[in-house]
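Heads up, protein_28.cif below (mmCIF, C-alpha atoms and all ligand atoms):
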```cif
data_start
loop_
_atom_site.label_atom_id
_atom_site.label_comp_id
_atom_site.auth_asym_id
_atom_site.auth_seq_id
_atom_site.Cartn_x
_atom_site.Cartn_y
_atom_site.Cartn_z
CA MET A 1 3.18 7.69 -6.10
CA ASP A 2 0.63 9.56 -8.25
CA SER A 3 1.34 7.52 -11.32
CA ARG A 4 0.66 4.35 -9.40
CA ASN A 5 -2.90 3.33 -9.98
CA SER A 6 -3.83 0.80 -7.35
CA ASP A 7 -5.96 -1.12 -9.86
CA THR A 8 -2.95 -1.91 -12.00
CA ILE A 9 -0.79 -3.37 -9.23
CA THR A 10 0.01 -6.98 -9.89
CA GLY A 11 -0.03 -9.13 -6.84
CA PRO A 12 1.14 -12.72 -6.51
CA ARG A 13 0.38 -15.12 -9.35
CA SER A 14 -2.50 -17.40 -8.44
CA GLU A 15 -0.11 -20.31 -7.76
CA ASP A 16 1.85 -18.10 -5.36
CA VAL A 17 -1.09 -17.18 -3.14
CA LEU A 18 -0.58 -18.52 0.38
CA PRO A 19 -3.30 -20.52 2.11
CA ASP A 20 -5.22 -18.78 4.85
CA THR A 21 -3.55 -21.13 7.35
CA ALA A 22 -0.16 -19.45 6.80
CA THR A 23 0.23 -17.91 10.23
CA ALA A 24 3.88 -18.05 11.12
CA ALA A 25 6.96 -16.84 9.32
CA VAL A 26 10.68 -17.06 10.00
CA LYS A 27 13.57 -15.43 8.17
CA VAL A 28 17.15 -16.14 7.27
CA VAL A 29 19.56 -13.60 5.79
CA VAL A 30 22.19 -14.41 3.15
CA VAL A 31 25.17 -12.06 3.29
CA GLY A 32 28.35 -11.85 1.25
CA GLY A 33 30.35 -9.62 -1.05
CA PHE A 34 29.53 -8.36 -4.55
CA GLY A 35 28.65 -11.10 -7.00
CA VAL A 36 29.24 -13.95 -4.58
CA GLY A 37 25.93 -15.65 -5.44
CA LYS A 38 23.42 -14.29 -2.89
CA THR A 39 20.67 -13.63 -5.45
CA THR A 40 21.39 -16.97 -7.08
CA MET A 41 20.99 -18.81 -3.78
CA VAL A 42 17.74 -17.02 -2.93
CA GLY A 43 16.38 -17.84 -6.39
CA SER A 44 17.44 -21.46 -6.40
CA VAL A 45 15.47 -22.41 -3.27
CA SER A 46 12.54 -19.98 -3.59
CA GLU A 47 9.08 -21.20 -4.59
CA ILE A 48 8.25 -17.76 -5.99
CA ARG A 49 10.17 -15.74 -8.52
CA PRO A 50 12.42 -13.67 -6.21
CA LEU A 51 11.00 -10.27 -5.30
CA THR A 52 12.70 -7.05 -4.32
CA THR A 53 12.00 -4.92 -1.29
CA GLU A 54 13.68 -1.60 -0.76
CA GLU A 55 14.42 0.86 1.99
CA THR A 56 15.43 4.49 1.96
CA MET A 57 18.44 5.50 3.99
CA THR A 58 19.20 9.14 4.62
CA GLN A 59 22.75 10.34 4.84
CA ALA A 60 22.73 13.33 7.13
CA GLY A 61 25.16 16.04 8.10
CA VAL A 62 28.31 14.89 6.36
CA GLY A 63 31.07 17.43 6.14
CA VAL A 64 28.87 20.16 7.52
CA ASP A 65 30.34 23.29 9.01
CA ASP A 66 29.29 23.00 12.64
CA ASN A 67 29.02 26.77 13.09
CA VAL A 68 26.44 27.07 10.36
CA GLY A 69 24.48 24.04 11.46
CA VAL A 70 23.14 23.36 8.00
CA GLU A 71 22.17 19.77 7.47
CA THR A 72 22.65 18.22 4.10
CA LYS A 73 20.62 15.11 3.45
CA THR A 74 21.07 12.60 0.71
CA ALA A 75 18.60 9.77 0.31
CA THR A 76 19.85 6.43 -0.89
CA THR A 77 17.56 3.59 -1.85
CA VAL A 78 18.82 0.16 -1.00
CA ALA A 79 17.19 -2.85 -2.66
CA MET A 80 17.26 -6.38 -1.34
CA ASP A 81 15.93 -9.48 -3.02
CA PHE A 82 14.14 -12.25 -1.22
CA GLY A 83 12.46 -15.56 -1.79
CA ARG A 84 9.96 -17.73 0.01
CA ILE A 85 9.65 -21.38 0.99
CA SER A 86 6.39 -22.76 2.37
CA LEU A 87 7.61 -25.24 4.96
CA SER A 88 4.09 -26.37 5.83
CA ASP A 89 0.57 -24.97 5.57
CA GLU A 90 1.31 -22.80 8.60
CA LEU A 91 5.03 -22.07 8.52
CA ILE A 92 6.78 -19.94 5.90
CA LEU A 93 10.51 -19.30 5.55
CA TYR A 94 11.70 -16.08 3.91
CA LEU A 95 15.25 -15.84 2.66
CA PHE A 96 16.75 -12.36 2.19
CA GLY A 97 19.79 -11.71 0.01
CA THR A 98 21.58 -8.52 1.04
CA PRO A 99 22.63 -6.01 -1.59
CA GLY A 100 26.31 -5.71 -2.48
CA GLN A 101 26.98 -2.52 -0.50
CA GLU A 102 27.97 -3.94 2.87
CA ARG A 103 27.67 -0.65 4.70
CA PHE A 104 23.89 -0.85 4.49
CA TRP A 105 23.37 -4.37 5.79
CA PHE A 106 23.27 -3.52 9.44
CA LEU A 107 21.43 -0.24 9.00
CA TRP A 108 18.28 -1.82 7.67
CA ASN A 109 16.16 -1.81 10.81
CA GLY A 110 14.64 -5.16 11.43
CA LEU A 111 16.64 -7.12 8.89
CA PHE A 112 18.80 -9.07 11.31
CA GLU A 113 16.60 -8.60 14.36
CA GLY A 114 14.62 -11.73 14.78
CA ALA A 115 16.32 -13.63 11.97
CA LEU A 116 16.84 -17.27 12.94
CA GLY A 117 20.34 -16.97 11.59
CA ALA A 118 22.48 -16.02 8.62
CA VAL A 119 24.38 -17.66 5.79
CA VAL A 120 27.73 -16.06 5.01
CA LEU A 121 28.50 -16.82 1.37
CA ILE A 122 32.18 -16.56 0.57
CA ASP A 123 34.26 -16.44 -2.53
CA THR A 124 37.75 -17.68 -1.72
CA ARG A 125 39.21 -15.04 -4.03
CA ARG A 126 37.90 -12.23 -1.83
CA LEU A 127 37.87 -13.04 1.84
CA GLN A 128 38.15 -9.47 3.21
CA VAL A 129 34.44 -8.67 2.89
CA SER A 130 33.56 -11.82 4.79
CA PHE A 131 35.99 -10.98 7.53
CA ASP A 132 34.17 -7.76 8.32
CA VAL A 133 30.66 -9.19 8.16
CA ILE A 134 31.53 -12.15 10.36
CA GLY A 135 32.72 -9.73 13.02
CA ARG A 136 29.47 -7.80 12.83
CA LEU A 137 27.31 -10.92 13.08
CA GLU A 138 29.27 -12.07 16.12
CA GLU A 139 28.86 -8.63 17.71
CA ARG A 140 25.11 -8.79 17.25
CA GLY A 141 24.78 -12.37 18.37
CA VAL A 142 23.36 -13.58 15.04
CA PRO A 143 24.29 -17.26 14.60
CA PHE A 144 25.64 -18.12 11.14
CA VAL A 145 27.18 -20.78 8.96
CA VAL A 146 29.76 -20.19 6.25
CA ALA A 147 29.06 -21.49 2.74
CA VAL A 148 31.98 -21.55 0.32
CA ASN A 149 30.76 -20.92 -3.20
CA THR A 150 32.90 -22.86 -5.61
CA PHE A 151 33.54 -20.72 -8.66
CA PRO A 152 35.54 -22.15 -11.54
CA GLY A 153 39.15 -21.08 -11.26
CA ALA A 154 38.87 -20.07 -7.62
CA PRO A 155 41.67 -21.49 -5.53
CA HIS A 156 40.46 -24.42 -3.51
CA HIS A 157 41.52 -24.04 0.09
CA PRO A 158 40.99 -26.77 2.62
CA VAL A 159 38.20 -25.84 5.01
CA GLU A 160 40.58 -25.72 7.96
CA ALA A 161 42.81 -23.19 6.19
CA LEU A 162 39.78 -21.00 5.48
CA ARG A 163 38.65 -21.35 9.05
CA SER A 164 41.88 -19.95 10.37
CA ALA A 165 42.05 -17.28 7.64
CA LEU A 166 38.60 -16.13 8.71
CA ASP A 167 39.41 -16.54 12.39
CA LEU A 168 36.32 -18.68 12.87
CA SER A 169 35.77 -20.72 15.97
CA ASP A 170 35.62 -24.49 15.62
CA GLU A 171 31.89 -24.85 16.17
CA VAL A 172 30.83 -22.62 13.26
CA PRO A 173 29.89 -25.00 10.42
CA MET A 174 31.50 -24.53 7.01
CA ILE A 175 30.14 -26.13 3.88
CA ASP A 176 30.99 -26.07 0.16
CA CYS A 177 28.10 -25.14 -2.09
CA ASP A 178 26.95 -24.32 -5.58
CA ALA A 179 24.34 -21.62 -5.12
CA ARG A 180 22.87 -22.39 -8.54
CA LEU A 181 21.64 -25.78 -7.39
CA ARG A 182 18.52 -26.02 -5.29
CA ALA A 183 19.72 -29.14 -3.46
CA SER A 184 23.03 -27.52 -2.60
CA SER A 185 21.40 -24.31 -1.33
CA ARG A 186 18.91 -26.40 0.61
CA ASP A 187 21.80 -28.28 2.25
CA VAL A 188 23.28 -24.95 3.35
CA LEU A 189 19.98 -24.02 5.03
CA MET A 190 19.81 -27.48 6.62
CA THR A 191 23.33 -27.02 7.97
CA LEU A 192 22.26 -23.71 9.50
CA MET A 193 19.16 -25.27 11.11
CA ARG A 194 21.13 -28.21 12.51
CA TYR A 195 23.64 -25.78 13.94
CA LEU A 196 20.87 -23.67 15.52
CA HIS A 197 19.37 -26.87 16.88
CA SER A 198 22.69 -27.77 18.50
CA LEU A 199 22.79 -24.34 20.13
CA ALA A 200 19.29 -24.73 21.52
CA VAL A 201 19.00 -25.84 25.09
CA PRO A 202 16.34 -28.49 25.66
CA LEU A 203 13.60 -27.34 27.99
CA ALA A 204 14.15 -28.73 31.47
CA MET B 1 33.33 10.03 9.01
CA SER B 2 34.67 6.53 9.30
CA ASP B 3 31.60 4.88 10.73
CA PRO B 4 28.85 4.90 8.11
CA GLU B 5 26.34 3.66 10.65
CA ARG B 6 26.45 7.02 12.35
CA LEU B 7 25.84 8.84 9.11
CA TYR B 8 22.89 6.88 7.90
CA VAL B 9 19.53 6.58 9.55
CA ILE B 10 16.39 5.05 8.18
CA THR B 11 13.95 7.62 6.86
CA GLY B 12 10.83 7.10 8.87
CA ALA B 13 8.64 8.70 11.45
CA PRO B 14 11.08 11.05 13.23
CA ASP B 15 9.50 10.30 16.60
CA GLY B 16 10.04 6.60 16.11
CA ARG B 17 6.30 6.01 16.16
CA ARG B 18 6.29 2.91 14.01
CA ALA B 19 4.40 -0.28 14.61
CA ALA B 20 6.57 -3.26 15.40
CA LEU B 21 6.14 -4.68 11.93
CA ASP B 22 8.85 -7.00 10.74
CA LEU B 23 9.74 -7.75 7.12
CA VAL B 24 8.11 -11.13 7.69
CA THR B 25 5.05 -10.12 9.68
CA MET B 26 2.11 -11.72 7.85
CA VAL B 27 -0.77 -9.39 7.02
CA VAL B 28 -4.37 -10.36 6.23
CA ALA B 29 -7.14 -7.94 5.19
CA GLN B 30 -10.21 -7.86 7.39
CA ALA B 31 -12.34 -5.69 5.10
CA GLU B 32 -12.93 -4.72 1.49
CA PRO B 33 -11.26 -1.50 0.37
CA SER B 34 -13.57 1.48 0.90
CA PRO B 35 -13.40 4.98 -0.57
CA MET B 36 -12.35 6.13 2.89
CA VAL B 37 -8.81 4.76 2.61
CA GLN B 38 -5.87 6.07 0.56
CA PRO B 39 -5.26 4.40 -2.81
CA GLU B 40 -2.11 2.71 -1.49
CA GLN B 41 -4.04 1.36 1.46
CA ALA B 42 -6.81 0.13 -0.83
CA ALA B 43 -4.13 -1.66 -2.85
CA ILE B 44 -2.85 -3.30 0.34
CA LEU B 45 -6.35 -4.49 1.24
CA ARG B 46 -6.70 -6.01 -2.23
CA LEU B 47 -3.29 -7.68 -2.05
CA CYS B 48 -3.87 -9.12 1.40
CA LYS B 49 -7.05 -11.08 0.83
CA ALA B 50 -4.72 -14.02 1.43
CA PRO B 51 -1.84 -13.75 3.93
CA LEU B 52 1.15 -11.80 2.64
CA SER B 53 4.37 -10.68 4.33
CA VAL B 54 5.27 -7.01 4.73
CA ALA B 55 8.27 -7.65 2.44
CA GLU B 56 6.00 -8.97 -0.31
CA ILE B 57 3.64 -6.00 0.06
CA SER B 58 6.62 -3.66 -0.29
CA ALA B 59 7.74 -5.56 -3.39
CA TYR B 60 4.37 -5.60 -5.14
CA LEU B 61 3.69 -1.93 -4.39
CA SER B 62 7.30 -0.88 -5.15
CA LEU B 63 7.30 1.14 -1.94
CA PRO B 64 10.08 1.27 0.66
CA PHE B 65 9.67 -0.93 3.72
CA SER B 66 9.27 2.02 6.11
CA VAL B 67 6.58 3.60 3.92
CA VAL B 68 4.68 0.32 3.88
CA THR B 69 4.94 -0.05 7.65
CA SER B 70 3.42 3.39 8.21
CA LEU B 71 0.55 2.59 5.80
CA LEU B 72 0.02 -0.69 7.65
CA THR B 73 0.13 0.98 11.04
CA GLU B 74 -2.93 3.05 10.12
CA LEU B 75 -4.74 0.02 8.73
CA LEU B 76 -3.99 -1.86 11.94
CA ALA B 77 -5.29 1.00 14.08
CA THR B 78 -8.58 0.98 12.19
CA GLU B 79 -8.71 -2.84 12.26
CA LEU B 80 -8.88 -3.11 8.48
CA ILE B 81 -6.04 -5.61 8.58
CA GLU B 82 -4.82 -8.21 11.01
CA SER B 83 -1.14 -8.94 11.51
CA ARG B 84 0.45 -12.19 12.55
CA ALA B 85 3.69 -11.61 14.35
CA PRO B 86 6.70 -13.54 13.05
CA ILE B 87 8.49 -16.12 15.10
CA VAL B 88 11.72 -14.48 16.07
CA ARG B 89 14.91 -15.92 17.38
CA ALA B 90 14.57 -16.07 21.12
CA ALA B 91 17.43 -16.12 23.57
CA LEU B 92 16.95 -19.86 23.65
CA PRO B 93 16.05 -21.12 20.19
CA ASP B 94 13.02 -23.33 20.09
CA ARG B 95 13.94 -26.87 19.07
CA SER B 96 10.50 -27.86 17.87
CA LEU B 97 10.40 -24.82 15.58
CA LEU B 98 13.79 -25.75 14.11
CA GLU B 99 12.61 -29.32 13.64
CA ALA B 100 9.56 -28.04 11.75
CA VAL B 101 11.84 -25.94 9.54
CA MET B 102 14.12 -28.93 8.83
CA HIS B 103 11.13 -31.13 8.09
CA GLY B 104 9.88 -28.58 5.56
CA LEU B 105 13.31 -28.20 3.95
CA GLN B 106 13.64 -31.96 3.55
CA LYS B 107 10.61 -31.97 1.28
CA LEU B 108 12.11 -29.36 -0.98
N1 LIG C 301 30.15 -21.40 -10.70
C1 LIG C 301 29.27 -20.78 -9.91
N2 LIG C 301 28.74 -19.61 -10.30
C2 LIG C 301 27.85 -19.00 -9.49
C3 LIG C 301 27.49 -19.56 -8.25
N3 LIG C 301 26.62 -18.73 -7.63
C4 LIG C 301 26.44 -17.70 -8.45
N4 LIG C 301 27.17 -17.85 -9.57
C5 LIG C 301 27.23 -16.89 -10.70
O1 LIG C 301 27.82 -15.70 -10.20
C6 LIG C 301 27.19 -14.54 -10.75
C7 LIG C 301 26.76 -13.58 -9.64
O2 LIG C 301 25.75 -14.19 -8.87
P1 LIG C 301 24.66 -13.34 -8.06
O3 LIG C 301 23.74 -14.33 -7.46
O4 LIG C 301 24.06 -12.28 -8.90
O5 LIG C 301 25.54 -12.66 -6.92
P2 LIG C 301 25.09 -11.62 -5.81
O6 LIG C 301 25.85 -11.98 -4.59
O7 LIG C 301 23.63 -11.56 -5.71
O8 LIG C 301 25.65 -10.27 -6.44
P3 LIG C 301 25.36 -8.76 -5.98
O9 LIG C 301 23.91 -8.69 -5.59
O10 LIG C 301 25.69 -7.95 -7.19
O11 LIG C 301 26.29 -8.47 -4.85
C8 LIG C 301 26.06 -15.05 -11.60
O12 LIG C 301 26.48 -15.01 -12.95
C9 LIG C 301 25.85 -16.48 -11.14
O13 LIG C 301 25.37 -17.30 -12.18
C10 LIG C 301 28.08 -20.81 -7.88
O14 LIG C 301 27.80 -21.38 -6.82
N5 LIG C 301 28.95 -21.38 -8.73
MG MG C 302 22.32 -9.89 -5.78
#
```
Since I need it in another form, could you write the structure as structure tokens?
Amino acid sequence: MDSRNSDTITGPRSEDVLPDTATAAVKVVVVGGFGVGKTTMVGSVSEIRPLTTEETMTQAGVGVDDNVGVETKTATTVAMDFGRISLSDELILYLFGTPGQERFWFLWNGLFEGALGAVVLIDTRRLQVSFDVIGRLEERGVPFVVAVNTFPGAPHHPVEALRSALDLSDEVPMIDCDARLRASSRDVLMTLMRYLHSLAVPLA
Amino acid sequence: MSDPERLYVITGAPDGRRAALDLVTMVVAQAEPSPMVQPEQAAILRLCKAPLSVAEISAYLSLPFSVVTSLLTELLATELIESRAPIVRAALPDRSLLEAVMHGLQKL
């Protein structure tokens, strides 16, 4: 920290400064395996150049001889990129793209808590990662939609086949997408919001 | 050894004394930086002349989220910043909020 002179810190570019009316923020988390397009999706819909936030996780007491009681600690820094969409002068949406190492996703305190929902990006060539994360989201009661990223050369499976391969219930929306395209990524977020809307109970 | 969640804990205040600051809590400075505050806190006060999320502060300062939240906790206690709590998913999602989100996305 000593080399960090606070005068040299670059903040947002002038066009990225939020108006003083920006009072409310919501977040959505994009999860998926290595190289599935999470960073690409965050970048394609973000109004700012995607930024990176990090967290330090400490691995404690692995393989320690209980009798000695020595604790070994290894710190690991996990970085996550995110983007921002100003929905109105007051309301801001932040979109977080999880890092490739799945084991950290659910350890980051406050990442999933309070998120409106999640987007599970899948690559049809590697469904195993998705299988695990879907289970965890269900466990934690985080609503999600599944977006199938269409890579060239990836086998195209009908949605219904993927649904049963992933053991997804009928109401979970599935949508094809190209994370490189803003409109396509936007449609994925719209699908999530419509789904959340359908889950919401109107006030009596 | 099979459950990594048991092996890893976030490095933070050991007593769990951390303000309830979310990644998307918006922070706004209430004062100019003074010589009384740490350099990192002065940097936060400069960054937050306009509203900024905790995640963005962490990104611009290249500091871990939990380090930023403890710096912010002190600034909150001394009222040098104001925080605007995020809207979180409630047990019953709020339809008008979701409609506002969809309306904003449509303009994208
Ligand atoms: N054809 C195609 N390529 C894509 C798509 N999305 C991402 N890619 C490409 O896939 C590569 C990996 O994308 P990233 O966005 O970095 O993936 P990621 O999930 O963030 O990867 P990690 O953070 O390393 O786990 C890049 O070269 C992208 O250009 C897509 O929808 N279609
Ligand atoms: Mg990435």
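Of the residues under consideration (A:Val26, A:Val146, A:Ile122, A:Cys177), A:Val26 shows the shortest atom-to-atom contact distance to chain B when counting only C-alpha atoms.
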Protein and nucleic acid residues within 12 Å of ligand LIG 301 (chain C) (only C-alpha atoms and all ligand atoms) as a VMD selection string: chain A and resid 30 to 44 50 52 78 to 82 96 to 102 105 119 to 124 129 147 to 154 175 to 185 188
Close residues, Val68 in chain B itself excluded, 8 Å, only C-alpha atoms, min 5 positions apart in chain, as a ChimeraX atom specification: /B:54,57-58,63
Closest of A:Glu15, A:Val172, A:Leu51, A:Leu91 to ligand MG 302 (chain C) - atom-to-atom distances counting all atoms listed in the file: A:Leu51
Using all atoms listed in the file: which of A:Glu138, A:Phe131, A:Gly117, A:Glu90 has the shortest distance to Arg163 in chain A: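 That would be A:Phe131, the residue with the smallest distance to Arg163 in chain A.
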